[in-house]
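Shown here: protein_9.csv, CSV, C-alpha atoms.
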```csv
chain,number,residue,atom,x,y,z
A,1,MET,CA,9.3,0.0,-0.4
A,2,ILE,CA,6.4,0.8,-2.7
A,3,LYS,CA,6.3,-0.3,-6.3
A,4,GLY,CA,3.3,0.6,-8.2
A,5,GLY,CA,0.4,0.0,-5.9
A,6,HIS,CA,2.5,-2.2,-3.7
A,7,SER,CA,3.4,-1.7,-0.1
A,8,ASP,CA,5.6,-4.5,1.4
A,9,ASP,CA,2.8,-6.9,2.1
A,10,ALA,CA,-0.3,-5.4,0.7
A,11,ARG,CA,-1.4,-4.0,-2.6
A,12,LEU,CA,-4.0,-1.3,-3.0
A,13,SER,CA,-6.6,-1.3,-5.8
A,14,LEU,CA,-9.0,1.5,-6.5
A,15,ARG,CA,-12.5,1.4,-7.8
A,16,VAL,CA,-14.3,4.5,-9.0
A,17,ASP,CA,-18.1,4.3,-8.8
A,18,PHE,CA,-19.9,7.0,-10.8
A,19,ASP,CA,-23.2,8.3,-9.6
A,20,ASP,CA,-25.2,5.8,-11.7
A,21,GLU,CA,-23.2,2.9,-10.4
A,22,THR,CA,-21.0,2.6,-13.4
A,23,ARG,CA,-17.7,1.3,-12.1
A,24,LEU,CA,-14.1,1.7,-13.2
A,25,GLY,CA,-11.8,-0.7,-11.4
A,26,PRO,CA,-8.7,-2.8,-11.8
A,27,GLY,CA,-10.2,-5.4,-14.1
A,28,LYS,CA,-11.4,-2.9,-16.8
A,29,ILE,CA,-8.2,-0.9,-16.5
A,30,ARG,CA,-6.2,-4.0,-17.0
A,31,LEU,CA,-8.3,-4.9,-20.1
A,32,LEU,CA,-7.7,-1.5,-21.6
A,33,GLU,CA,-3.9,-1.8,-20.9
A,34,LEU,CA,-3.8,-5.2,-22.6
A,35,VAL,CA,-5.7,-3.8,-25.7
A,36,GLY,CA,-3.0,-1.1,-25.9
A,37,GLU,CA,-0.3,-3.7,-25.6
A,38,THR,CA,-1.7,-6.4,-27.9
A,39,GLY,CA,-3.6,-4.2,-30.4
A,40,SER,CA,-6.5,-6.7,-30.2
A,41,ILE,CA,-9.6,-7.0,-28.1
A,42,SER,CA,-9.6,-10.8,-28.4
A,43,ALA,CA,-6.0,-11.1,-27.4
A,44,ALA,CA,-6.5,-8.8,-24.4
A,45,GLY,CA,-9.6,-10.8,-23.3
A,46,ARG,CA,-7.7,-14.1,-23.8
A,47,ALA,CA,-4.9,-12.8,-21.6
A,48,MET,CA,-7.4,-12.2,-18.8
A,49,GLY,CA,-9.2,-15.6,-19.4
A,50,MET,CA,-12.4,-14.1,-20.8
A,51,SER,CA,-14.2,-14.9,-24.0
A,52,TYR,CA,-14.0,-12.6,-27.0
A,53,ARG,CA,-17.7,-11.8,-26.6
A,54,ARG,CA,-17.2,-10.8,-23.0
A,55,ALA,CA,-14.2,-8.7,-23.8
A,56,TRP,CA,-16.0,-7.0,-26.6
A,57,LEU,CA,-19.0,-6.2,-24.5
A,58,LEU,CA,-16.8,-4.7,-21.8
A,59,ILE,CA,-15.0,-2.5,-24.3
A,60,ASP,CA,-18.4,-1.5,-25.7
A,61,THR,CA,-19.5,-0.6,-22.2
A,62,LEU,CA,-16.3,1.3,-21.5
A,63,ASN,CA,-16.7,3.2,-24.8
A,64,ALA,CA,-20.0,4.6,-23.5
A,65,TYR,CA,-18.6,5.5,-20.1
A,66,PHE,CA,-17.3,8.8,-21.2
A,67,ARG,CA,-18.0,11.4,-23.9
A,68,ARG,CA,-15.1,10.2,-25.9
A,69,PRO,CA,-14.3,6.5,-26.7
A,70,VAL,CA,-11.4,4.8,-25.0
A,71,VAL,CA,-10.8,2.2,-27.7
A,72,ALA,CA,-10.9,2.5,-31.5
A,73,ALA,CA,-11.7,-0.8,-33.1
A,74,GLN,CA,-11.7,-1.9,-36.7
A,75,HIS,CA,-14.7,-4.2,-37.1
A,76,GLY,CA,-13.6,-6.9,-39.4
A,77,GLY,CA,-15.3,-10.3,-39.8
A,78,LYS,CA,-16.2,-12.7,-37.0
A,79,ARG,CA,-12.9,-12.4,-35.0
A,80,GLY,CA,-12.8,-8.7,-35.2
A,81,GLY,CA,-10.0,-6.5,-36.6
A,82,GLY,CA,-7.3,-4.6,-34.7
A,83,ALA,CA,-8.0,-2.3,-31.8
A,84,THR,CA,-6.1,0.6,-30.3
A,85,LEU,CA,-6.4,2.8,-27.3
A,86,THR,CA,-7.5,6.3,-28.2
A,87,ASP,CA,-5.4,9.1,-26.7
A,88,PHE,CA,-8.2,9.6,-24.2
A,89,GLY,CA,-8.2,5.9,-23.4
A,90,ALA,CA,-4.5,6.0,-22.8
A,91,ASP,CA,-5.0,9.1,-20.5
A,92,VAL,CA,-7.6,7.2,-18.5
A,93,VAL,CA,-5.3,4.3,-17.9
A,94,LYS,CA,-2.4,6.5,-17.0
A,95,ARG,CA,-4.5,8.6,-14.6
A,96,TYR,CA,-5.8,5.5,-12.9
A,97,ARG,CA,-2.3,4.1,-12.4
A,98,ARG,CA,-1.1,7.4,-11.1
A,99,MET,CA,-4.1,7.6,-8.7
A,100,GLU,CA,-3.3,4.0,-7.5
A,101,GLU,CA,0.3,4.9,-6.8
A,102,ALA,CA,-0.6,8.2,-5.0
A,103,ALA,CA,-3.1,6.4,-2.8
A,104,ALA,CA,-0.7,3.6,-2.0
A,105,ARG,CA,2.0,6.2,-1.0
A,106,ALA,CA,-0.4,8.2,1.1
A,107,LEU,CA,-1.9,5.1,2.8
A,108,ARG,CA,1.4,3.3,3.2
A,109,PRO,CA,1.3,3.4,7.1
A,110,ASP,CA,-2.2,1.9,7.0
A,111,LEU,CA,-1.3,-0.8,4.5
A,112,GLN,CA,1.7,-1.7,6.7
A,113,ALA,CA,-0.4,-1.7,9.9
A,114,LEU,CA,-2.9,-4.1,8.3
A,115,ALA,CA,-0.2,-6.3,6.9
A,116,ALA,CA,1.5,-6.5,10.3
A,117,GLU,CA,-1.7,-8.0,11.7
A,118,ARG,CA,-1.6,-10.9,9.2
A,119,PRO,CA,-0.8,-14.3,10.7
A,120,PHE,CA,1.8,-15.6,8.3
A,121,ARG,CA,4.2,-13.3,6.5
A,122,PRO,CA,6.7,-15.3,4.5
A,123,ARG,CA,8.9,-12.8,2.8
A,124,ALA,CA,7.8,-12.5,-0.8
A,125,ARG,CA,10.6,-12.8,-3.3
A,126,ARG,CA,11.3,-9.6,-5.2
A,127,ASN,CA,12.5,-10.0,-8.7
B,1,MET,CA,-17.7,18.6,-1.6
B,2,ILE,CA,-16.5,15.3,-0.3
B,3,LYS,CA,-18.5,13.2,2.1
B,4,GLY,CA,-17.0,9.9,3.1
B,5,GLY,CA,-15.5,8.5,-0.1
B,6,HIS,CA,-17.6,10.8,-2.3
B,7,SER,CA,-16.5,13.5,-4.7
B,8,ASP,CA,-19.2,15.3,-6.5
B,9,ASP,CA,-19.8,12.7,-9.1
B,10,ALA,CA,-17.6,9.8,-8.3
B,11,ARG,CA,-17.1,7.6,-5.3
B,12,LEU,CA,-13.8,5.9,-4.5
B,13,SER,CA,-13.6,2.3,-3.0
B,14,LEU,CA,-10.4,0.7,-1.9
B,15,ARG,CA,-9.4,-2.9,-2.1
B,16,VAL,CA,-6.4,-4.2,-0.2
B,17,ASP,CA,-4.8,-7.3,-1.7
B,18,PHE,CA,-2.5,-9.1,0.7
B,19,ASP,CA,0.4,-11.1,-0.7
B,20,ASP,CA,-1.5,-14.4,-0.9
B,21,GLU,CA,-4.4,-12.7,-2.7
B,22,THR,CA,-6.6,-12.5,0.3
B,23,ARG,CA,-8.7,-9.4,-0.3
B,24,LEU,CA,-10.3,-6.8,2.0
B,25,GLY,CA,-12.7,-4.5,0.1
B,26,PRO,CA,-15.9,-2.6,0.4
B,27,GLY,CA,-18.2,-5.7,0.6
B,28,LYS,CA,-16.4,-7.4,3.5
B,29,ILE,CA,-16.0,-4.1,5.3
B,30,ARG,CA,-19.8,-3.4,4.9
B,31,LEU,CA,-20.6,-6.8,6.2
B,32,LEU,CA,-18.5,-6.2,9.3
B,33,GLU,CA,-20.1,-2.8,9.8
B,34,LEU,CA,-23.5,-4.4,9.6
B,35,VAL,CA,-22.5,-7.1,12.1
B,36,GLY,CA,-21.6,-4.3,14.5
B,37,GLU,CA,-24.9,-2.5,13.8
B,38,THR,CA,-27.2,-5.4,14.0
B,39,GLY,CA,-25.4,-7.7,16.5
B,40,SER,CA,-26.2,-10.6,14.1
B,41,ILE,CA,-24.4,-12.3,11.3
B,42,SER,CA,-27.6,-13.4,9.7
B,43,ALA,CA,-29.2,-10.0,9.9
B,44,ALA,CA,-26.0,-8.4,8.4
B,45,GLY,CA,-26.0,-10.9,5.6
B,46,ARG,CA,-29.7,-10.4,5.0
B,47,ALA,CA,-29.2,-6.6,4.7
B,48,MET,CA,-26.7,-7.3,1.9
B,49,GLY,CA,-28.9,-9.9,0.2
B,50,MET,CA,-26.7,-12.9,1.1
B,51,SER,CA,-27.6,-16.2,2.6
B,52,TYR,CA,-26.8,-16.9,6.3
B,53,ARG,CA,-24.4,-19.6,5.1
B,54,ARG,CA,-22.5,-17.2,2.8
B,55,ALA,CA,-22.4,-14.5,5.5
B,56,TRP,CA,-21.1,-17.0,8.0
B,57,LEU,CA,-18.4,-18.3,5.7
B,58,LEU,CA,-17.3,-14.8,4.9
B,59,ILE,CA,-17.0,-13.9,8.6
B,60,ASP,CA,-15.2,-17.2,9.2
B,61,THR,CA,-12.7,-16.2,6.4
B,62,LEU,CA,-12.3,-12.8,7.9
B,63,ASN,CA,-11.6,-14.2,11.3
B,64,ALA,CA,-8.7,-16.0,9.8
B,65,TYR,CA,-7.3,-13.0,7.9
B,66,PHE,CA,-5.5,-11.6,10.9
B,67,ARG,CA,-3.8,-12.8,14.1
B,68,ARG,CA,-6.8,-11.6,16.1
B,69,PRO,CA,-10.5,-12.3,15.2
B,70,VAL,CA,-12.7,-9.4,13.9
B,71,VAL,CA,-16.0,-10.9,15.0
B,72,ALA,CA,-16.9,-12.7,18.2
B,73,ALA,CA,-19.9,-15.0,17.6
B,74,GLN,CA,-22.0,-17.0,20.1
B,75,HIS,CA,-22.8,-20.2,18.3
B,76,GLY,CA,-26.3,-21.2,19.2
B,77,GLY,CA,-28.5,-23.6,17.3
B,78,LYS,CA,-29.3,-23.5,13.6
B,79,ARG,CA,-29.8,-19.8,13.2
B,80,GLY,CA,-26.7,-18.8,15.2
B,81,GLY,CA,-26.6,-16.6,18.3
B,82,GLY,CA,-25.6,-13.0,18.5
B,83,ALA,CA,-22.3,-11.6,17.1
B,84,THR,CA,-20.3,-8.5,17.9
B,85,LEU,CA,-17.3,-6.8,16.4
B,86,THR,CA,-14.2,-7.3,18.5
B,87,ASP,CA,-12.2,-4.1,19.4
B,88,PHE,CA,-9.8,-5.2,16.7
B,89,GLY,CA,-12.6,-5.7,14.2
B,90,ALA,CA,-13.9,-2.2,15.0
B,91,ASP,CA,-10.4,-0.8,14.4
B,92,VAL,CA,-10.1,-2.5,11.0
B,93,VAL,CA,-13.4,-1.0,9.9
B,94,LYS,CA,-12.5,2.4,11.2
B,95,ARG,CA,-9.1,2.3,9.6
B,96,TYR,CA,-10.5,1.2,6.2
B,97,ARG,CA,-13.1,4.1,6.3
B,98,ARG,CA,-10.4,6.5,7.2
B,99,MET,CA,-8.2,5.3,4.4
B,100,GLU,CA,-11.1,5.6,2.0
B,101,GLU,CA,-11.7,9.2,3.0
B,102,ALA,CA,-8.0,10.1,2.9
B,103,ALA,CA,-7.7,8.7,-0.6
B,104,ALA,CA,-10.8,10.4,-1.9
B,105,ARG,CA,-9.5,13.7,-0.5
B,106,ALA,CA,-6.1,13.2,-2.1
B,107,LEU,CA,-7.5,12.1,-5.4
B,108,ARG,CA,-10.3,14.6,-5.6
B,109,PRO,CA,-9.0,16.4,-8.7
B,110,ASP,CA,-8.6,13.1,-10.5
B,111,LEU,CA,-12.1,11.9,-9.5
B,112,GLN,CA,-13.5,15.2,-10.7
B,113,ALA,CA,-11.6,15.0,-14.0
B,114,LEU,CA,-13.0,11.6,-14.6
B,115,ALA,CA,-16.5,12.6,-13.7
B,116,ALA,CA,-16.2,15.6,-16.0
B,117,GLU,CA,-15.7,13.3,-18.9
B,118,ARG,CA,-19.0,11.4,-18.3
B,119,PRO,CA,-21.7,12.0,-20.9
B,120,PHE,CA,-24.7,12.6,-18.6
B,121,ARG,CA,-24.3,14.4,-15.3
B,122,PRO,CA,-27.7,15.1,-13.8
B,123,ARG,CA,-27.1,16.8,-10.5
B,124,ALA,CA,-27.5,14.2,-7.7
B,125,ARG,CA,-29.7,15.4,-4.9
B,126,ARG,CA,-27.9,15.9,-1.6
B,127,ASN,CA,-29.9,15.2,1.5
```
Would you write the structure of this file as structure tokens?
Amino acid sequence: MIKGGHSDDARLSLRVDFDDETRLGPGKIRLLELVGETGSISAAGRAMGMSYRRAWLLIDTLNAYFRRPVVAAQHGGKRGGGATLTDFGADVVKRYRRMEEAAARALRPDLQALAAERPFRPRARRN
Amino acid sequence: MIKGGHSDDARLSLRVDFDDETRLGPGKIRLLELVGETGSISAAGRAMGMSYRRAWLLIDTLNAYFRRPVVAAQHGGKRGGGATLTDFGADVVKRYRRMEEAAARALRPDLQALAAERPFRPRARRN
């Protein structure tokens, strides 16, 4: 069974490398998702174990990836104000997750073949 | 046009995460490919800018990923002897590259849509 990017024993992640080696991968997408969920760059970063500064720099970088920003932030004092995904940012996240699922579905036999070669395969619990 | 994992302006890389968070991605696959091409773990590592020690440890890790080894190495003195991909190792590399191409083909409209949102798109030269 496939759930999200999961095959039974292997999960697929995608990384998109643009021509100039700008990368969009699971870490940046997760950060964006968390900004959408928490409404805060610092809370999103914290949830991923990164400093506010690092989270902010990543969001800044991401906001320059495309013609349109992905996050709208209210600058406010040292700890920053609230932040939301723009409609475009939400689209990018949604598209990435859709791509991940489509790839996992298309590559399911390969993922299973690789997983079948693994030495230990305790059945993972499914919740 | 798609060449390997390439769409016109974006390239797709895959990472396979097994249940226990063992990862197989573009870096490890490239290292294996280079071992196959150079016949040497140290030369393969050097080509990727890593120390012999780091390259060796990665190959050691990779050899424990699956039931069968991916690299056969002749240990010989401090600098190590020659190394070759096993048939299984060559299969893993081939399968990964095939997966990458299949995913890039399936996701081409998405890759192009993301690339179309990029601010600067100088035409890359095609050789």
What does the distance between atom CA of A:Ile41 and atom CA of A:Val93 come to in Å, to one decimal place?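 Answer for the atom CA of A:Ile41 to atom CA of A:Val93 separation: 15.8 Å.
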Same-sequence overlay, chain A on chain B, C-alpha least squares, as a PDB file with C-alpha atoms, in the coordinates of the input:
```
ATOM      1  CA  MET A   1     -17.620  18.668  -1.631  1.00  0.00           C
ATOM      2  CA  ILE A   2     -16.444  15.314  -0.322  1.00  0.00           C
ATOM      3  CA  LYS A   3     -18.502  13.221   2.037  1.00  0.00           C
ATOM      4  CA  GLY A   4     -17.068  10.001   3.036  1.00  0.00           C
ATOM      5  CA  GLY A   5     -15.566   8.529  -0.068  1.00  0.00           C
ATOM      6  CA  HIS A   6     -17.604  10.819  -2.234  1.00  0.00           C
ATOM      7  CA  SER A   7     -16.397  13.438  -4.622  1.00  0.00           C
ATOM      8  CA  ASP A   8     -19.212  15.327  -6.477  1.00  0.00           C
ATOM      9  CA  ASP A   9     -19.788  12.725  -9.120  1.00  0.00           C
ATOM     10  CA  ALA A  10     -17.644   9.810  -8.269  1.00  0.00           C
ATOM     11  CA  ARG A  11     -17.070   7.633  -5.270  1.00  0.00           C
ATOM     12  CA  LEU A  12     -13.807   5.915  -4.488  1.00  0.00           C
ATOM     13  CA  SER A  13     -13.597   2.376  -3.062  1.00  0.00           C
ATOM     14  CA  LEU A  14     -10.435   0.706  -1.922  1.00  0.00           C
ATOM     15  CA  ARG A  15      -9.429  -2.889  -2.057  1.00  0.00           C
ATOM     16  CA  VAL A  16      -6.438  -4.223  -0.170  1.00  0.00           C
ATOM     17  CA  ASP A  17      -4.897  -7.369  -1.669  1.00  0.00           C
ATOM     18  CA  PHE A  18      -2.503  -9.188   0.675  1.00  0.00           C
ATOM     19  CA  ASP A  19       0.410 -11.063  -0.748  1.00  0.00           C
ATOM     20  CA  ASP A  20      -1.512 -14.371  -0.904  1.00  0.00           C
ATOM     21  CA  GLU A  21      -4.389 -12.772  -2.711  1.00  0.00           C
ATOM     22  CA  THR A  22      -6.573 -12.446   0.298  1.00  0.00           C
ATOM     23  CA  ARG A  23      -8.669  -9.363  -0.310  1.00  0.00           C
ATOM     24  CA  LEU A  24     -10.250  -6.771   1.952  1.00  0.00           C
ATOM     25  CA  GLY A  25     -12.673  -4.555   0.079  1.00  0.00           C
ATOM     26  CA  PRO A  26     -15.910  -2.657   0.400  1.00  0.00           C
ATOM     27  CA  GLY A  27     -18.197  -5.666   0.520  1.00  0.00           C
ATOM     28  CA  LYS A  28     -16.459  -7.368   3.531  1.00  0.00           C
ATOM     29  CA  ILE A  29     -16.065  -4.044   5.299  1.00  0.00           C
ATOM     30  CA  ARG A  30     -19.699  -3.364   4.858  1.00  0.00           C
ATOM     31  CA  LEU A  31     -20.559  -6.847   6.255  1.00  0.00           C
ATOM     32  CA  LEU A  32     -18.452  -6.236   9.314  1.00  0.00           C
ATOM     33  CA  GLU A  33     -20.119  -2.778   9.840  1.00  0.00           C
ATOM     34  CA  LEU A  34     -23.575  -4.348   9.608  1.00  0.00           C
ATOM     35  CA  VAL A  35     -22.589  -7.100  12.183  1.00  0.00           C
ATOM     36  CA  GLY A  36     -21.554  -4.267  14.533  1.00  0.00           C
ATOM     37  CA  GLU A  37     -24.809  -2.489  13.912  1.00  0.00           C
ATOM     38  CA  THR A  38     -27.224  -5.439  14.017  1.00  0.00           C
ATOM     39  CA  GLY A  39     -25.370  -7.706  16.492  1.00  0.00           C
ATOM     40  CA  SER A  40     -26.150 -10.658  14.174  1.00  0.00           C
ATOM     41  CA  ILE A  41     -24.375 -12.322  11.312  1.00  0.00           C
ATOM     42  CA  SER A  42     -27.666 -13.397   9.717  1.00  0.00           C
ATOM     43  CA  ALA A  43     -29.149  -9.961   9.934  1.00  0.00           C
ATOM     44  CA  ALA A  44     -26.020  -8.368   8.447  1.00  0.00           C
ATOM     45  CA  GLY A  45     -26.000 -10.931   5.575  1.00  0.00           C
ATOM     46  CA  ARG A  46     -29.758 -10.384   5.005  1.00  0.00           C
ATOM     47  CA  ALA A  47     -29.158  -6.649   4.760  1.00  0.00           C
ATOM     48  CA  MET A  48     -26.658  -7.249   1.961  1.00  0.00           C
ATOM     49  CA  GLY A  49     -28.932  -9.884   0.216  1.00  0.00           C
ATOM     50  CA  MET A  50     -26.745 -12.883   1.035  1.00  0.00           C
ATOM     51  CA  SER A  51     -27.684 -16.139   2.659  1.00  0.00           C
ATOM     52  CA  TYR A  52     -26.818 -16.859   6.273  1.00  0.00           C
ATOM     53  CA  ARG A  53     -24.414 -19.579   5.128  1.00  0.00           C
ATOM     54  CA  ARG A  54     -22.614 -17.174   2.852  1.00  0.00           C
ATOM     55  CA  ALA A  55     -22.409 -14.525   5.496  1.00  0.00           C
ATOM     56  CA  TRP A  56     -21.116 -16.975   8.005  1.00  0.00           C
ATOM     57  CA  LEU A  57     -18.460 -18.286   5.708  1.00  0.00           C
ATOM     58  CA  LEU A  58     -17.269 -14.764   4.959  1.00  0.00           C
ATOM     59  CA  ILE A  59     -17.016 -13.922   8.641  1.00  0.00           C
ATOM     60  CA  ASP A  60     -15.162 -17.211   9.152  1.00  0.00           C
ATOM     61  CA  THR A  61     -12.787 -16.223   6.386  1.00  0.00           C
ATOM     62  CA  LEU A  62     -12.346 -12.731   7.781  1.00  0.00           C
ATOM     63  CA  ASN A  63     -11.654 -14.197  11.250  1.00  0.00           C
ATOM     64  CA  ALA A  64      -8.626 -15.999   9.794  1.00  0.00           C
ATOM     65  CA  TYR A  65      -7.364 -12.959   7.926  1.00  0.00           C
ATOM     66  CA  PHE A  66      -5.513 -11.590  10.839  1.00  0.00           C
ATOM     67  CA  ARG A  67      -3.908 -12.848  14.062  1.00  0.00           C
ATOM     68  CA  ARG A  68      -6.824 -11.671  16.051  1.00  0.00           C
ATOM     69  CA  PRO A  69     -10.541 -12.291  15.172  1.00  0.00           C
ATOM     70  CA  VAL A  70     -12.668  -9.448  13.915  1.00  0.00           C
ATOM     71  CA  VAL A  71     -15.995 -10.885  15.046  1.00  0.00           C
ATOM     72  CA  ALA A  72     -16.941 -12.733  18.244  1.00  0.00           C
ATOM     73  CA  ALA A  73     -19.891 -14.987  17.686  1.00  0.00           C
ATOM     74  CA  GLN A  74     -21.991 -16.996  20.078  1.00  0.00           C
ATOM     75  CA  HIS A  75     -22.757 -20.274  18.311  1.00  0.00           C
ATOM     76  CA  GLY A  76     -26.253 -21.122  19.232  1.00  0.00           C
ATOM     77  CA  GLY A  77     -28.505 -23.576  17.357  1.00  0.00           C
ATOM     78  CA  LYS A  78     -29.217 -23.567  13.628  1.00  0.00           C
ATOM     79  CA  ARG A  79     -29.739 -19.753  13.226  1.00  0.00           C
ATOM     80  CA  GLY A  80     -26.739 -18.860  15.211  1.00  0.00           C
ATOM     81  CA  GLY A  81     -26.559 -16.645  18.326  1.00  0.00           C
ATOM     82  CA  GLY A  82     -25.510 -12.992  18.583  1.00  0.00           C
ATOM     83  CA  ALA A  83     -22.327 -11.616  17.112  1.00  0.00           C
ATOM     84  CA  THR A  84     -20.222  -8.584  17.917  1.00  0.00           C
ATOM     85  CA  LEU A  85     -17.264  -6.847  16.447  1.00  0.00           C
ATOM     86  CA  THR A  86     -14.141  -7.350  18.512  1.00  0.00           C
ATOM     87  CA  ASP A  87     -12.206  -4.175  19.334  1.00  0.00           C
ATOM     88  CA  PHE A  88      -9.758  -5.197  16.632  1.00  0.00           C
ATOM     89  CA  GLY A  89     -12.606  -5.716  14.192  1.00  0.00           C
ATOM     90  CA  ALA A  90     -13.926  -2.291  14.960  1.00  0.00           C
ATOM     91  CA  ASP A  91     -10.354  -0.841  14.429  1.00  0.00           C
ATOM     92  CA  VAL A  92     -10.172  -2.524  11.038  1.00  0.00           C
ATOM     93  CA  VAL A  93     -13.408  -1.011   9.898  1.00  0.00           C
ATOM     94  CA  LYS A  94     -12.520   2.400  11.177  1.00  0.00           C
ATOM     95  CA  ARG A  95      -9.062   2.309   9.559  1.00  0.00           C
ATOM     96  CA  TYR A  96     -10.549   1.280   6.255  1.00  0.00           C
ATOM     97  CA  ARG A  97     -13.077   4.121   6.313  1.00  0.00           C
ATOM     98  CA  ARG A  98     -10.398   6.565   7.246  1.00  0.00           C
ATOM     99  CA  MET A  99      -8.148   5.253   4.414  1.00  0.00           C
ATOM    100  CA  GLU A 100     -11.127   5.625   1.959  1.00  0.00           C
ATOM    101  CA  GLU A 101     -11.700   9.209   3.001  1.00  0.00           C
ATOM    102  CA  ALA A 102      -7.949  10.130   2.842  1.00  0.00           C
ATOM    103  CA  ALA A 103      -7.661   8.652  -0.631  1.00  0.00           C
ATOM    104  CA  ALA A 104     -10.791  10.371  -1.852  1.00  0.00           C
ATOM    105  CA  ARG A 105      -9.448  13.760  -0.526  1.00  0.00           C
ATOM    106  CA  ALA A 106      -6.043  13.248  -2.047  1.00  0.00           C
ATOM    107  CA  LEU A 107      -7.443  12.050  -5.416  1.00  0.00           C
ATOM    108  CA  ARG A 108     -10.253  14.577  -5.535  1.00  0.00           C
ATOM    109  CA  PRO A 109      -8.851  16.402  -8.687  1.00  0.00           C
ATOM    110  CA  ASP A 110      -8.630  13.045 -10.473  1.00  0.00           C
ATOM    111  CA  LEU A 111     -12.105  11.932  -9.455  1.00  0.00           C
ATOM    112  CA  GLN A 112     -13.440  15.297 -10.699  1.00  0.00           C
ATOM    113  CA  ALA A 113     -11.486  15.079 -13.983  1.00  0.00           C
ATOM    114  CA  LEU A 114     -12.944  11.617 -14.660  1.00  0.00           C
ATOM    115  CA  ALA A 115     -16.418  12.671 -13.706  1.00  0.00           C
ATOM    116  CA  ALA A 116     -16.211  15.695 -16.010  1.00  0.00           C
ATOM    117  CA  GLU A 117     -15.629  13.315 -18.916  1.00  0.00           C
ATOM    118  CA  ARG A 118     -18.926  11.481 -18.256  1.00  0.00           C
ATOM    119  CA  PRO A 119     -21.639  12.046 -20.858  1.00  0.00           C
ATOM    120  CA  PHE A 120     -24.640  12.753 -18.690  1.00  0.00           C
ATOM    121  CA  ARG A 121     -24.334  14.462 -15.332  1.00  0.00           C
ATOM    122  CA  PRO A 122     -27.750  15.107 -13.860  1.00  0.00           C
ATOM    123  CA  ARG A 123     -27.156  16.746 -10.552  1.00  0.00           C
ATOM    124  CA  ALA A 124     -27.605  14.155  -7.842  1.00  0.00           C
ATOM    125  CA  ARG A 125     -29.885  15.226  -5.044  1.00  0.00           C
ATOM    126  CA  ARG A 126     -28.120  15.679  -1.724  1.00  0.00           C
ATOM    127  CA  ASN A 127     -30.119  14.897   1.316  1.00  0.00           C
TER     128      ASN A 127
END
```
Around (-20.0, -8.9, 10.3) in the file's own coordinates, what residues are found within 6 Å if you use all atoms listed in the file, given back as a list in words? Leu31, Leu32, Leu34, Val35 and Ile41 of chain B
I need the contact residues of chain B against chain A, so if you could list those with any atom within 9 Å, counting all atoms listed in the file, and return them as a PyMOL selection string, that would help. chain B and resi 8-19+64-68+92+95-96+99+102-104+106-107+110-111+114-121+124
Selection: 7 Å around A:Thr86, only C-alpha atoms, excl. self and same-chain fewer than 4 positions, as a ChimeraX atom specification: /A:69-72,90
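The interatomic distance for the pair atom CA of B:Arg54 and atom CA of B:Gly27 works out to 12.5 Å.
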Quick one: distance from atom CA of A:Arg46 to atom CA of A:Arg97 in Å, one decimal?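 Computed distance, atom CA of A:Arg46 to atom CA of A:Arg97, equals 22.1 Å.
Around B:Met50, within 12 Å and counting all atoms listed in the file, the residues found are Gly27, Lys28, Leu31, Ile41, Ser42, Ala43, Ala44, Trp56, Leu57 and Leu58 of chain B, once anything fewer than 6 positions away on its own chain is removed.
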